[in-house]
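Here's the structure we're looking at; comments come further down.
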Amino acid sequence: MDNYDYYAEKVMTYLPLVILSVIAVVLLLPNSRKRFLRIQASLPTSKIKSLAMGLVEIQGKLIMKEPLISPVAREECIGYYYTIEDVTKDKEGRNSYSTIHKETQCNVFQMKDDSGIIEIHPEGIELIFIKETNISYNGQKRYKETLLKSGQEMLLVGAADSRNGEAFIRKDTGHKLLGITTVSGISIWNKYQPLLRSFLFTCIIILILMILILSK
């Protein structure tokens with residue numbers, strides 16, 4: 001019994017440290033979304049007519065050139081992010097989902113602001129913080145798609161380049177980045193991200209204090 005109490009005390013002492021370590025790993029692991037958000041926050045929004053070559057951020061309306069047909073709702077679109085998920089139920093009847101397939105397809109498109117129009121070469125593009133457009137169920141599968149459609153007001157980060165005197169935007173090879181998001185979504189993120197950072201910092205401090213108290 002004494003050994004049980006001893007090991008239980010050790011578990012309770014170091015459990016917050018394990019939780020803290022897991023949180024730290026999740027927050028520090030690099031991924032394309034974090035890279036997009038970090039770089040986007042440091043870039044000014046440029047006008048299309050006056051773009052400098054290199055990494056840029058632009059905002060404008062999407063213009064479709066050649067349509068794609070989306071896999072779920074069969075809608076015409078510029079591009080889509082599509083996932084298939086297995087649906088399983090636990091003993092309480094709650095659904096859980098595991099992704100078994102995902103893909104991004106996108107045709108060449110254009111973006112327009114009040115200064116001009118530029119072509120986007122979408123190879124390697126990622127859709128960031130864009131809500132699913134259509135969701136469908138079939139048996140134990142869930143199908144979701146997020147669409148890029150003509151007329152949407154979006155923000156894009158990529159590399160400005162030129163060919164035969166014509167400017168275009170492609171994936172930046174150095175930062176491995178070509179990302180697009182909604183203007184409203186990124187505005188909300190930029191507004192509340194400092195609060196989230198403060199909250200997470202406070203949680204970490206509390207966990208450290210708990211570890212110090214329990215280890216005495």
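Quick note on naming: the chains in the structure tokens go A, B, ... in the order shown, residues restart at 1 in each chain, and ligands are numbered from 1 in order of appearance.
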
Determine which residues of segment 15-163 of chain A receive a DSSP assignment of helix (DSSP H, G or I), computed from the backbone, and state them as a VMD selection string.
-> chain A and resid 15 to 28 32 to 42 48 to 50

Tell me which protein, DNA and RNA residues are within 8 Å of segment 30-45 of chain A, counting only C-alpha atoms, leaving out same-chain ones fewer than 3 positions away, and put them as JSON, numbers by chain.
-> {"A": [56, 57, 58, 59, 128, 157, 177, 179, 190]}

Considering only C-alpha atoms, return as a ChimeraX atom specification whatever protein or nucleic-acid residues lie within 7 Å of Leu147 of chain A, sequence-local ones (same chain, fewer than 4 positions apart) excluded.
-> /A:77,79-81,133

Can you write out the residues you just picked, keeping N, CA, C and O atoms, as a PDB file, in the first residue's frame?
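Result file out.pdb:
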```pdb
ATOM      1  N   CYS A  77     -15.619  25.461 -59.686  1.00  0.00           N
ATOM      2  CA  CYS A  77     -14.770  26.192 -58.749  1.00  0.00           C
ATOM      3  C   CYS A  77     -13.395  26.395 -59.366  1.00  0.00           C
ATOM      4  O   CYS A  77     -13.040  25.789 -60.386  1.00  0.00           O
ATOM      5  N   GLY A  79     -10.631  25.894 -57.381  1.00  0.00           N
ATOM      6  CA  GLY A  79      -9.863  24.828 -56.764  1.00  0.00           C
ATOM      7  C   GLY A  79     -10.578  24.323 -55.533  1.00  0.00           C
ATOM      8  O   GLY A  79     -11.576  24.895 -55.087  1.00  0.00           O
ATOM      9  N   TYR A  80     -10.055  23.222 -54.955  1.00  0.00           N
ATOM     10  CA  TYR A  80     -10.698  22.662 -53.763  1.00  0.00           C
ATOM     11  C   TYR A  80      -9.700  21.879 -52.916  1.00  0.00           C
ATOM     12  O   TYR A  80      -8.672  21.401 -53.409  1.00  0.00           O
ATOM     13  N   TYR A  81     -10.035  21.794 -51.622  1.00  0.00           N
ATOM     14  CA  TYR A  81      -9.363  20.884 -50.701  1.00  0.00           C
ATOM     15  C   TYR A  81     -10.404  19.852 -50.293  1.00  0.00           C
ATOM     16  O   TYR A  81     -11.478  20.197 -49.795  1.00  0.00           O
ATOM     17  N   THR A 133     -16.976  24.083 -47.452  1.00  0.00           N
ATOM     18  CA  THR A 133     -18.096  24.564 -48.265  1.00  0.00           C
ATOM     19  C   THR A 133     -19.225  23.543 -48.303  1.00  0.00           C
ATOM     20  O   THR A 133     -20.402  23.901 -48.197  1.00  0.00           O
TER      21      THR A 133
END
```

Which distance in Å separates atom CA of Lys102 of chain A and atom CA of Tyr82 of chain A, to one decimal?
->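 For atom CA of Lys102 of chain A relative to atom CA of Tyr82 of chain A, the distance reads 5.5 Å.
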
Name the residues in contact with Lys176 of chain A at a cut-off of 9 Å, using only C-alpha atoms, excluding same-chain residues fewer than 3 positions from it; report them as an MDAnalysis selection string.
-> chainID A and resid 32 124 158 171:173

Any chance you can output those residues with N, CA and C atoms as an mmCIF file, in the first residue's frame?
```cif
data_model
loop_
_atom_site.group_PDB
_atom_site.id
_atom_site.type_symbol
_atom_site.label_atom_id
_atom_site.label_comp_id
_atom_site.auth_asym_id
_atom_site.auth_seq_id
_atom_site.Cartn_x
_atom_site.Cartn_y
_atom_site.Cartn_z
ATOM 1 N N SER A 32 3.206 23.942 -42.094
ATOM 2 C CA SER A 32 2.977 24.957 -43.120
ATOM 3 C C SER A 32 2.014 26.040 -42.660
ATOM 4 N N GLY A 124 1.210 23.511 -55.414
ATOM 5 C CA GLY A 124 1.626 23.535 -54.011
ATOM 6 C C GLY A 124 0.822 24.466 -53.139
ATOM 7 N N GLY A 158 2.798 34.433 -51.361
ATOM 8 C CA GLY A 158 3.600 33.606 -52.249
ATOM 9 C C GLY A 158 4.751 34.418 -52.810
ATOM 10 N N LYS A 171 4.588 29.397 -55.772
ATOM 11 C CA LYS A 171 5.049 28.966 -54.457
ATOM 12 C C LYS A 171 6.475 29.451 -54.230
ATOM 13 N N ASP A 172 6.716 30.007 -53.037
ATOM 14 C CA ASP A 172 8.057 30.445 -52.689
ATOM 15 C C ASP A 172 8.901 29.227 -52.333
ATOM 16 N N THR A 173 9.992 29.003 -53.047
ATOM 17 C CA THR A 173 10.793 27.798 -52.835
ATOM 18 C C THR A 173 11.618 27.870 -51.551
#
```

Expected answer as a count of residues only: strand (DSSP E or B) residues in segment 106-162 of chain A = 37

Got a sec: who's within 10 Å of Asn107 of chain A, counting only C-alpha atoms, leaving out chain neighbours fewer than 5 positions off, as a PyMOL selection string?
-> chain A and resi 64-68+77-80+120-123

Residues of the last selection are to be written out with C-alpha atoms, as a CSV table (one decimal), in the first residue's frame.
```
chain,number,residue,atom,x,y,z
A,64,MET,CA,-11.6,31.9,-62.5
A,65,LYS,CA,-10.0,31.1,-65.8
A,66,GLU,CA,-10.6,27.3,-66.3
A,67,PRO,CA,-13.2,25.7,-63.9
A,68,LEU,CA,-12.8,22.5,-61.9
A,77,CYS,CA,-14.8,26.2,-58.7
A,78,ILE,CA,-11.2,27.5,-59.1
A,79,GLY,CA,-9.9,24.8,-56.8
A,80,TYR,CA,-10.7,22.7,-53.8
A,120,ILE,CA,-1.5,32.8,-59.7
A,121,HIS,CA,0.3,29.5,-60.5
A,122,PRO,CA,-1.2,27.3,-57.9
A,123,GLU,CA,1.1,24.3,-57.7
```

To one decimal in Å, tell me the separation between atom CA of Lys149 of chain A and atom CA of Gly54 of chain A.
->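 Spanning atom CA of Lys149 of chain A to atom CA of Gly54 of chain A is a straight-line distance of 26.1 Å.
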
Pick the closest to Ile84 of chain A from A:Ser136, A:Ser184, A:Gln110, A:Ser50: which is it, counting only C-alpha atoms?
->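 Of A:Ser136, A:Ser184, A:Gln110, A:Ser50, the one nearest Ile84 of chain A, counting only C-alpha atoms, is A:Ser136.
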
Which residues, written as a list in words, have at least one atom at most 9 Å from Ala73 of chain A, with only C-alpha atoms counted and residues fewer than 3 positions away on the same chain left out?
->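 Here the answer would be Ile69, Ser70, Asn134, Ile135, Ser136 and Glu145 of chain A.
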
Nearest residue to Ala167 of chain A from the set A:Ile48, A:Ile180, A:Ile205, A:Met154 (distances using only C-alpha atoms) =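 Residue with the minimum atom-to-atom distance to Ala167 of chain A: A:Ile48.
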
Which is closest to Gly139 of chain A among A:Val72, A:Val87, A:Met111, A:Cys106, if we use only C-alpha atoms?
->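 Closest residue, counting only C-alpha atoms: A:Val87.
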
Could you jot down the atom CA of Gly174 of chain A to atom CA of Leu127 of chain A separation for me, Å, one decimal place?
->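 Value for the atom CA of Gly174 of chain A-atom CA of Leu127 of chain A distance: 19.1 Å.
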